[in-house]
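Student: Pasting in a structure now, in structure tokens, and then I'll have a few things to ask.
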Amino acid sequence: MGVYVALLFAGAAGLWWRRAFGPLLLVAALVCGATAGAGLAGWRAVAYADGALDPSFEGRDLRVTGVVSQMPQRNETGTRFHLDVESVRWADARNDASPTVPARIALGWYGENTGIWGHAVEGRATSSAVVGELHAGERWQLTARLRAPHGNLNPHGFDSELWLWEQGVHANGYVRTGTRDAAPAYVASTWRHPIERAREAVRDAVFERVADRNQAGVIAALVTGDQRAIDRAGWDVFRATGVAHLMSISGLHITMFAWLAAHVVGALWRRSGRLMLRLPVPQAALIGGVLLATLYALFSGWGVPAQRTVWMLATIALLRLTGRRWPWPHVWLLTAAVVVALDPWALMQAGFWLSFVAVGVLFATDSTDAGERNPTAASRLFLFFREQWVITLALTPLSLLLFQQVSLVGLLANAIAIPWVTLVVTPLAMGGAVVAPLWDVAAGAVQALAALLQWLAGLPFATLSMAAPPWWMAACGVAGGALLAMHLPWSMRALGLPLLLPVLLWQMPRPASGEFELLATDIGQGNAVLVRTATHSLLYDTGPRYSLESDAGHRVLVPLLRAFDERLDMLVLSHRDTDHTGGAPAVLAMQPQAALLSSIEATHPLQALRPTQRCEAGQRWTWDGVSFEVLHPFDTDYRSFTRPNAVSCVLRIGNGRATVLLAGDIERLQEAALVARTAEAHLRADVLLVPHHGSKTSSSEALLDAVRPRIGLVQAGYRNRFGHPAGEVVARYTERGVRLVESARCGAAHWVSERPTELACEREHRARYWHHRVP
């Protein structure tokens, strides 16, 4: 990332020095700018890394005293919150040493029998049935168990470790409330974090006033910046219609607020002759608009998009106040350099590139007549739709690179939603903080907009999904889109088509005929393996459900399949356990053509979503020269099993040169039966998906001696509460010279049949300094 920061600083410094001192000093400016940018990024990274959690503290109980620093997030499993640590000691009173932990930690206080946190952290999440009512600014004393931030790492997936790094959170964990743990204790209410207390009060008041939680969530998001107030279904509609940027405190909201505030300040300033003598009205309006926009950004949570917009507005205001009239490329680069100087990791965010590319394209394609002092309503309307068209055309390739999806109804949806949300919903929502009945009016406005957006999202081909193109191809596509949108002769605009078409026609490379590849995704505690041949795809299991609003399907698999532009031919669910079927509804909704093969019972809820064919030993099919065969269970196993693990679908995949065995959650009895029923040569495999995530009840000597794998894949959560993979199981694989690859250490694992002894890890291929290194 330091390279990108250096290039940005070099470009900004080079343009300025060339303008000020001439072209002879351009090289010196580039060198100085690059050095300053790289040095700043490196210094910030080292300073942040110094706050990391000591690995020896992971999994040990601590008694922590601190202040809740952000408004807590509540859902059906419990409460999540950030805590500014004031003091810490070991929970064991016999230990007199004083440990040092990061200054800010993220904690979860979970209700009884939720079982959600247990998939992510070791130790059972046994807790009281009632979760304490925490509020921002309160001081609490809690018993907590911490770990280093460790997220899932997949191709084209969300980098949660980077997000936590940017939040300044270097440890997360959960509150211990077992019978042997000291109970959480409220200490006092403090004066700290007054803005967070106000945000929480407004958010809670919105939900108390507005009965419909969907409408209340949108209002709370627009007023307080709490994007989690909007449920997953709502975000799906907003993304499908291309208006998701309007439902959070984005640059558009901050800019519009600054514009309105400047007009109000200017009108009030004109009423005082004394004030006008001290400071001209335009300058007072400019300063007042930026200051009030900064206060709005603070109240909305001071999110990264809001921060970025405030720095941009402040930079432009400073240029105007000092009487400078720079060309737009200079202003554009300078604001980008200021934003990156204050937050180097902004370069890793999609919002940074979308906002700056959009502004740059608007600058470059601006054709307004500066002499038209009083434009007509028709000309204003034409200009608005033209800007929307220009932005849509230029950002489509970039959106495909970042999200692998664009909304085909987005132009129409934004044409309606932007003025409606900006001029109607947002002012009413903000006014409700003073006059509560205005929230009822805002809810009606949200309901009307939601009805329209749901209709648009339900239209055939409302969205277009494509494989993620390489970054250089997307950059050429953005240039092509901007060229097509510029006011140039059509002969010159047509030059944008050769740049744009490769992005639209790009297809993800696939294995050659007769070969296949395997991608073991990083989904935490569960299984999810994508198998691809030359023209077919199969997904084996869909990972866990994390909560009612979150599962591996929505969080990992749907974005991954979209980025690969996959059309699944078959979904195999090994058995009914939720760590294998949790993401199935999301995958099935995205892949309506996929056949479903599973051992789930006839009464399982998934049967209502897609008719299921029962997997039985002996089922075979061939795709592109690659054979697939079900080895377990037999029909008799269904009549005698007592646990779902006993009927896990075991799938063998091979092409005569390389073989993979996907074993689900079978245990010793099923392993013995599998070895007894199957010829030894037919069981041998290059890659074995380690049964039951490495549980001590599986991976028997008999199975390992029969399979003789070269590589064993363990899909298990980091520091999971089950202790997978068990030490004795690891020892058995090590004794036989098997390379054991854990998803917690590897991230997503990629294997291809052409090179059966090699395996690529996403954490090695995409290693970044903010990523957690497992001890």
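Just so we're on the same page: first chain in the structure tokens is A, next is B, and so on; residues restart at 1 for each chain, and ligands are numbered from 1 in the order they show up.
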Please provide the set of residues having any atom within 10 Å of Ala144 in chain A, restricted to only C-alpha atoms, with same-chain residues fewer than 2 positions apart removed, written as a PDB file with N, CA, C and O atoms, in the first residue's frame.

Tutor:
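Saved file result17.pdb follows:
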```pdb
ATOM      1  N   GLY A  59      -7.009 -16.558  24.965  1.00  0.00           N
ATOM      2  CA  GLY A  59      -7.649 -17.683  25.634  1.00  0.00           C
ATOM      3  C   GLY A  59      -7.527 -17.669  27.140  1.00  0.00           C
ATOM      4  O   GLY A  59      -7.908 -18.646  27.789  1.00  0.00           O
ATOM      5  N   ARG A  60      -7.025 -16.587  27.737  1.00  0.00           N
ATOM      6  CA  ARG A  60      -6.894 -16.508  29.189  1.00  0.00           C
ATOM      7  C   ARG A  60      -7.858 -15.460  29.725  1.00  0.00           C
ATOM      8  O   ARG A  60      -8.089 -14.423  29.098  1.00  0.00           O
ATOM      9  N   ASP A  61      -8.421 -15.730  30.884  1.00  0.00           N
ATOM     10  CA  ASP A  61      -9.436 -14.846  31.451  1.00  0.00           C
ATOM     11  C   ASP A  61      -8.793 -13.623  32.089  1.00  0.00           C
ATOM     12  O   ASP A  61      -7.840 -13.721  32.867  1.00  0.00           O
ATOM     13  N   LEU A  62      -9.338 -12.461  31.742  1.00  0.00           N
ATOM     14  CA  LEU A  62      -8.859 -11.182  32.253  1.00  0.00           C
ATOM     15  C   LEU A  62     -10.012 -10.430  32.902  1.00  0.00           C
ATOM     16  O   LEU A  62     -11.157 -10.511  32.449  1.00  0.00           O
ATOM     17  N   ARG A  63      -9.702  -9.686  33.942  1.00  0.00           N
ATOM     18  CA  ARG A  63     -10.679  -8.795  34.571  1.00  0.00           C
ATOM     19  C   ARG A  63     -10.382  -7.390  34.075  1.00  0.00           C
ATOM     20  O   ARG A  63      -9.355  -6.793  34.427  1.00  0.00           O
ATOM     21  N   VAL A  64     -11.268  -6.874  33.240  1.00  0.00           N
ATOM     22  CA  VAL A  64     -11.028  -5.618  32.525  1.00  0.00           C
ATOM     23  C   VAL A  64     -11.982  -4.557  33.029  1.00  0.00           C
ATOM     24  O   VAL A  64     -13.186  -4.803  33.194  1.00  0.00           O
ATOM     25  N   TRP A  90      -5.323 -10.160  35.822  1.00  0.00           N
ATOM     26  CA  TRP A  90      -5.727 -11.540  35.576  1.00  0.00           C
ATOM     27  C   TRP A  90      -6.950 -11.882  36.422  1.00  0.00           C
ATOM     28  O   TRP A  90      -7.069 -11.442  37.565  1.00  0.00           O
ATOM     29  N   ALA A  91      -7.853 -12.649  35.847  1.00  0.00           N
ATOM     30  CA  ALA A  91      -9.039 -13.058  36.600  1.00  0.00           C
ATOM     31  C   ALA A  91      -8.676 -13.975  37.752  1.00  0.00           C
ATOM     32  O   ALA A  91      -9.381 -14.016  38.768  1.00  0.00           O
ATOM     33  N   LEU A 107     -15.830  -6.367  22.239  1.00  0.00           N
ATOM     34  CA  LEU A 107     -16.345  -7.461  23.048  1.00  0.00           C
ATOM     35  C   LEU A 107     -17.771  -7.815  22.644  1.00  0.00           C
ATOM     36  O   LEU A 107     -18.509  -6.971  22.119  1.00  0.00           O
ATOM     37  N   GLY A 108     -18.131  -9.050  22.915  1.00  0.00           N
ATOM     38  CA  GLY A 108     -19.494  -9.508  22.741  1.00  0.00           C
ATOM     39  C   GLY A 108     -20.019 -10.075  24.043  1.00  0.00           C
ATOM     40  O   GLY A 108     -19.305 -10.803  24.747  1.00  0.00           O
ATOM     41  N   TRP A 109     -21.235  -9.699  24.385  1.00  0.00           N
ATOM     42  CA  TRP A 109     -21.901 -10.235  25.579  1.00  0.00           C
ATOM     43  C   TRP A 109     -23.109 -10.989  25.048  1.00  0.00           C
ATOM     44  O   TRP A 109     -24.083 -10.407  24.589  1.00  0.00           O
ATOM     45  N   GLN A 141     -16.907  -3.185  34.697  1.00  0.00           N
ATOM     46  CA  GLN A 141     -15.840  -4.142  35.028  1.00  0.00           C
ATOM     47  C   GLN A 141     -16.328  -5.523  34.611  1.00  0.00           C
ATOM     48  O   GLN A 141     -17.378  -5.981  35.052  1.00  0.00           O
ATOM     49  N   LEU A 142     -15.542  -6.167  33.736  1.00  0.00           N
ATOM     50  CA  LEU A 142     -15.985  -7.405  33.105  1.00  0.00           C
ATOM     51  C   LEU A 142     -14.873  -8.446  33.129  1.00  0.00           C
ATOM     52  O   LEU A 142     -13.683  -8.098  33.103  1.00  0.00           O
ATOM     53  N   LEU A 146      -9.883 -12.803  25.469  1.00  0.00           N
ATOM     54  CA  LEU A 146      -9.527 -12.077  24.255  1.00  0.00           C
ATOM     55  C   LEU A 146      -8.770 -12.959  23.276  1.00  0.00           C
ATOM     56  O   LEU A 146      -8.217 -13.998  23.637  1.00  0.00           O
ATOM     57  N   ASN A 172     -10.278  -8.699  20.113  1.00  0.00           N
ATOM     58  CA  ASN A 172     -11.711  -8.869  20.359  1.00  0.00           C
ATOM     59  C   ASN A 172     -11.921 -10.112  21.206  1.00  0.00           C
ATOM     60  O   ASN A 172     -10.997 -10.901  21.421  1.00  0.00           O
ATOM     61  N   GLY A 173     -13.113 -10.249  21.700  1.00  0.00           N
ATOM     62  CA  GLY A 173     -13.377 -11.368  22.591  1.00  0.00           C
ATOM     63  C   GLY A 173     -14.810 -11.354  23.072  1.00  0.00           C
ATOM     64  O   GLY A 173     -15.679 -10.730  22.461  1.00  0.00           O
ATOM     65  N   TYR A 174     -15.065 -12.026  24.176  1.00  0.00           N
ATOM     66  CA  TYR A 174     -16.418 -12.092  24.695  1.00  0.00           C
ATOM     67  C   TYR A 174     -16.405 -12.043  26.213  1.00  0.00           C
ATOM     68  O   TYR A 174     -15.392 -12.346  26.872  1.00  0.00           O
ATOM     69  N   VAL A 175     -17.536 -11.641  26.764  1.00  0.00           N
ATOM     70  CA  VAL A 175     -17.693 -11.517  28.211  1.00  0.00           C
ATOM     71  C   VAL A 175     -17.965 -12.886  28.803  1.00  0.00           C
ATOM     72  O   VAL A 175     -18.838 -13.627  28.340  1.00  0.00           O
ATOM     73  N   ARG A 176     -17.228 -13.224  29.842  1.00  0.00           N
ATOM     74  CA  ARG A 176     -17.399 -14.505  30.539  1.00  0.00           C
ATOM     75  C   ARG A 176     -18.383 -14.309  31.690  1.00  0.00           C
ATOM     76  O   ARG A 176     -18.179 -13.460  32.561  1.00  0.00           O
ATOM     77  N   THR A 177     -19.460 -15.079  31.676  1.00  0.00           N
ATOM     78  CA  THR A 177     -20.469 -14.953  32.737  1.00  0.00           C
ATOM     79  C   THR A 177     -20.867 -16.320  33.275  1.00  0.00           C
ATOM     80  O   THR A 177     -22.020 -16.542  33.650  1.00  0.00           O
ATOM     81  N   ASP A 181     -17.124 -17.409  37.064  1.00  0.00           N
ATOM     82  CA  ASP A 181     -16.591 -16.100  36.684  1.00  0.00           C
ATOM     83  C   ASP A 181     -17.249 -15.000  37.517  1.00  0.00           C
ATOM     84  O   ASP A 181     -18.433 -15.075  37.846  1.00  0.00           O
ATOM     85  N   PRO A 184     -20.291  -9.484  35.632  1.00  0.00           N
ATOM     86  CA  PRO A 184     -20.060  -8.122  35.133  1.00  0.00           C
ATOM     87  C   PRO A 184     -20.670  -7.100  36.080  1.00  0.00           C
ATOM     88  O   PRO A 184     -21.757  -7.310  36.622  1.00  0.00           O
TER      89      PRO A 184
END
```

Student: If you run DSSP over the backbone, which residues in range 581-635 of chain A end up strand (DSSP E)? Put them as number ranges by chain.

Tutor: A: 595-598, 612-614, 620-623, 626-632

Student: Taking 2 positions as the minimum chain separation for residues in the same chain, which residues sit within 9 Å of range 411-428 of chain A when counting only C-alpha atoms? Answer as a PyMOL selection string.

Tutor: chain A and resi 219+222-223+241-243+246-247+252-253+256+384-385+388-389+392+407-409+430-432+438-443+445-446+449+452-453+456

Student: Counting only C-alpha atoms, what is within 10 Å of Ser550 in chain A, bar same-chain residues fewer than 4 positions away, as a PDB file with all heavy atoms, in the first residue's frame?

Tutor:
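Result written to out-v3.pdb:
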```
ATOM      1  N   ARG A 232     -30.606  -7.228   6.651  1.00  0.00           N
ATOM      2  CA  ARG A 232     -29.935  -7.742   5.462  1.00  0.00           C
ATOM      3  C   ARG A 232     -30.830  -7.674   4.229  1.00  0.00           C
ATOM      4  O   ARG A 232     -30.370  -7.359   3.127  1.00  0.00           O
ATOM      5  CB  ARG A 232     -29.501  -9.198   5.703  1.00  0.00           C
ATOM      6  CG  ARG A 232     -28.639  -9.777   4.601  1.00  0.00           C
ATOM      7  CD  ARG A 232     -28.161 -11.159   4.975  1.00  0.00           C
ATOM      8  NE  ARG A 232     -29.265 -12.095   5.048  1.00  0.00           N
ATOM      9  CZ  ARG A 232     -29.164 -13.338   5.526  1.00  0.00           C
ATOM     10  NH1 ARG A 232     -28.003 -13.752   6.016  1.00  0.00           N
ATOM     11  NH2 ARG A 232     -30.195 -14.148   5.535  1.00  0.00           N
ATOM     12  N   PRO A 544     -21.186 -22.267   7.874  1.00  0.00           N
ATOM     13  CA  PRO A 544     -22.058 -22.104   9.043  1.00  0.00           C
ATOM     14  C   PRO A 544     -22.980 -20.904   8.944  1.00  0.00           C
ATOM     15  O   PRO A 544     -22.837 -20.030   8.091  1.00  0.00           O
ATOM     16  CB  PRO A 544     -21.054 -21.909  10.185  1.00  0.00           C
ATOM     17  CG  PRO A 544     -19.918 -21.180   9.523  1.00  0.00           C
ATOM     18  CD  PRO A 544     -19.827 -21.735   8.129  1.00  0.00           C
ATOM     19  N   ARG A 545     -23.939 -20.879   9.832  1.00  0.00           N
ATOM     20  CA  ARG A 545     -24.740 -19.686  10.086  1.00  0.00           C
ATOM     21  C   ARG A 545     -24.134 -18.992  11.295  1.00  0.00           C
ATOM     22  O   ARG A 545     -23.941 -19.599  12.340  1.00  0.00           O
ATOM     23  CB  ARG A 545     -26.198 -20.058  10.380  1.00  0.00           C
ATOM     24  CG  ARG A 545     -27.124 -18.860  10.464  1.00  0.00           C
ATOM     25  CD  ARG A 545     -28.452 -19.231  11.084  1.00  0.00           C
ATOM     26  NE  ARG A 545     -28.332 -19.481  12.519  1.00  0.00           N
ATOM     27  CZ  ARG A 545     -29.349 -19.722  13.324  1.00  0.00           C
ATOM     28  NH1 ARG A 545     -30.561 -19.800  12.844  1.00  0.00           N
ATOM     29  NH2 ARG A 545     -29.162 -19.933  14.621  1.00  0.00           N
ATOM     30  N   TYR A 546     -23.834 -17.695  11.150  1.00  0.00           N
ATOM     31  CA  TYR A 546     -23.235 -16.939  12.243  1.00  0.00           C
ATOM     32  C   TYR A 546     -24.293 -16.319  13.150  1.00  0.00           C
ATOM     33  O   TYR A 546     -24.098 -16.207  14.353  1.00  0.00           O
ATOM     34  CB  TYR A 546     -22.325 -15.835  11.689  1.00  0.00           C
ATOM     35  CG  TYR A 546     -21.297 -16.333  10.687  1.00  0.00           C
ATOM     36  CD1 TYR A 546     -21.277 -15.863   9.385  1.00  0.00           C
ATOM     37  CD2 TYR A 546     -20.354 -17.297  11.045  1.00  0.00           C
ATOM     38  CE1 TYR A 546     -20.343 -16.308   8.469  1.00  0.00           C
ATOM     39  CE2 TYR A 546     -19.424 -17.750  10.136  1.00  0.00           C
ATOM     40  CZ  TYR A 546     -19.420 -17.258   8.842  1.00  0.00           C
ATOM     41  OH  TYR A 546     -18.503 -17.709   7.934  1.00  0.00           O
ATOM     42  N   HIS A 554     -24.197 -15.602   2.513  1.00  0.00           N
ATOM     43  CA  HIS A 554     -24.228 -14.189   2.175  1.00  0.00           C
ATOM     44  C   HIS A 554     -22.853 -13.543   2.312  1.00  0.00           C
ATOM     45  O   HIS A 554     -22.474 -12.696   1.502  1.00  0.00           O
ATOM     46  CB  HIS A 554     -25.224 -13.457   3.086  1.00  0.00           C
ATOM     47  CG  HIS A 554     -26.637 -13.548   2.619  1.00  0.00           C
ATOM     48  ND1 HIS A 554     -27.491 -14.536   3.064  1.00  0.00           N
ATOM     49  CD2 HIS A 554     -27.346 -12.798   1.739  1.00  0.00           C
ATOM     50  CE1 HIS A 554     -28.665 -14.361   2.475  1.00  0.00           C
ATOM     51  NE2 HIS A 554     -28.611 -13.336   1.679  1.00  0.00           N
ATOM     52  N   ARG A 555     -22.111 -13.931   3.350  1.00  0.00           N
ATOM     53  CA  ARG A 555     -20.869 -13.222   3.650  1.00  0.00           C
ATOM     54  C   ARG A 555     -19.715 -13.659   2.762  1.00  0.00           C
ATOM     55  O   ARG A 555     -18.874 -12.832   2.386  1.00  0.00           O
ATOM     56  CB  ARG A 555     -20.495 -13.436   5.121  1.00  0.00           C
ATOM     57  CG  ARG A 555     -19.333 -12.578   5.572  1.00  0.00           C
ATOM     58  CD  ARG A 555     -18.940 -12.862   7.003  1.00  0.00           C
ATOM     59  NE  ARG A 555     -19.988 -12.516   7.951  1.00  0.00           N
ATOM     60  CZ  ARG A 555     -19.854 -12.655   9.269  1.00  0.00           C
ATOM     61  NH1 ARG A 555     -18.717 -13.129   9.776  1.00  0.00           N
ATOM     62  NH2 ARG A 555     -20.846 -12.319  10.068  1.00  0.00           N
ATOM     63  N   GLY A 582     -25.551 -23.885   6.796  1.00  0.00           N
ATOM     64  CA  GLY A 582     -25.957 -22.538   7.204  1.00  0.00           C
ATOM     65  C   GLY A 582     -26.085 -21.556   6.055  1.00  0.00           C
ATOM     66  O   GLY A 582     -26.954 -20.683   6.062  1.00  0.00           O
ATOM     67  N   GLY A 583     -25.229 -21.665   5.034  1.00  0.00           N
ATOM     68  CA  GLY A 583     -25.276 -20.739   3.912  1.00  0.00           C
ATOM     69  C   GLY A 583     -26.096 -21.222   2.741  1.00  0.00           C
ATOM     70  O   GLY A 583     -26.150 -20.548   1.703  1.00  0.00           O
TER      71      GLY A 583
END
```

Student: One decimal, Å: what's the distance from CA of Val169 in chain A over to CA of Arg228 in chain A, could you say?

Tutor: 18.4 Å

Student: Would you list the contacts of Ile711 in chain A as a count of residues only, taking every protein, DNA or RNA residue within 7 Å and counting only C-alpha atoms, but skipping same-chain residues closer than 3 positions in sequence?

Tutor: 6

Student: List every residue of range 116-240 of chain A that DSSP, applied to the backbone of this structure, places in helix (DSSP H, G or I), and write the result as a ChimeraX atom specification.

Tutor: /A:117-119,160-166,194-209,213-224,227-229,232-240

Student: I'd like the neighbourhood of range 317-328 of chain A as a PyMOL selection string, where a residue qualifies if any of its atoms comes within 8 Å (using only C-alpha atoms), though same-chain residues fewer than 3 positions away should be ignored.

Tutor: chain A and resi 283+286-287+290+313-314+331-332+363

Student: Using only C-alpha atoms, which residues sit within 7 Å of Asp624 in chain A once same-chain residues fewer than 4 positions away are excluded, as an mmCIF file with all heavy atoms, in the first residue's frame?

Tutor:
```
data_model
loop_
_atom_site.group_PDB
_atom_site.id
_atom_site.type_symbol
_atom_site.label_atom_id
_atom_site.label_comp_id
_atom_site.auth_asym_id
_atom_site.auth_seq_id
_atom_site.Cartn_x
_atom_site.Cartn_y
_atom_site.Cartn_z
ATOM 1 N N SER A 513 -9.886 -29.284 -20.254
ATOM 2 C CA SER A 513 -10.710 -30.492 -20.300
ATOM 3 C C SER A 513 -9.925 -31.667 -19.716
ATOM 4 O O SER A 513 -8.749 -31.876 -20.037
ATOM 5 C CB SER A 513 -11.104 -30.791 -21.744
ATOM 6 O OG SER A 513 -11.917 -31.936 -21.801
ATOM 7 N N GLY A 514 -10.568 -32.404 -18.837
ATOM 8 C CA GLY A 514 -9.916 -33.529 -18.175
ATOM 9 C C GLY A 514 -9.238 -33.157 -16.872
ATOM 10 O O GLY A 514 -8.767 -34.040 -16.152
ATOM 11 N N THR A 533 -14.623 -27.826 -13.052
ATOM 12 C CA THR A 533 -14.047 -28.498 -14.214
ATOM 13 C C THR A 533 -14.082 -27.518 -15.382
ATOM 14 O O THR A 533 -14.307 -26.326 -15.196
ATOM 15 C CB THR A 533 -14.820 -29.779 -14.545
ATOM 16 O OG1 THR A 533 -16.142 -29.438 -14.989
ATOM 17 C CG2 THR A 533 -14.927 -30.681 -13.320
ATOM 18 N N ALA A 534 -13.888 -28.018 -16.595
ATOM 19 C CA ALA A 534 -13.807 -27.126 -17.751
ATOM 20 C C ALA A 534 -15.110 -26.363 -17.968
ATOM 21 O O ALA A 534 -15.080 -25.174 -18.314
ATOM 22 C CB ALA A 534 -13.444 -27.924 -19.001
ATOM 23 N N THR A 535 -16.252 -27.004 -17.757
ATOM 24 C CA THR A 535 -17.535 -26.333 -18.014
ATOM 25 C C THR A 535 -18.558 -26.545 -16.902
ATOM 26 O O THR A 535 -19.707 -26.126 -17.058
ATOM 27 C CB THR A 535 -18.150 -26.831 -19.344
ATOM 28 O OG1 THR A 535 -18.406 -28.243 -19.247
ATOM 29 C CG2 THR A 535 -17.225 -26.559 -20.515
#
```
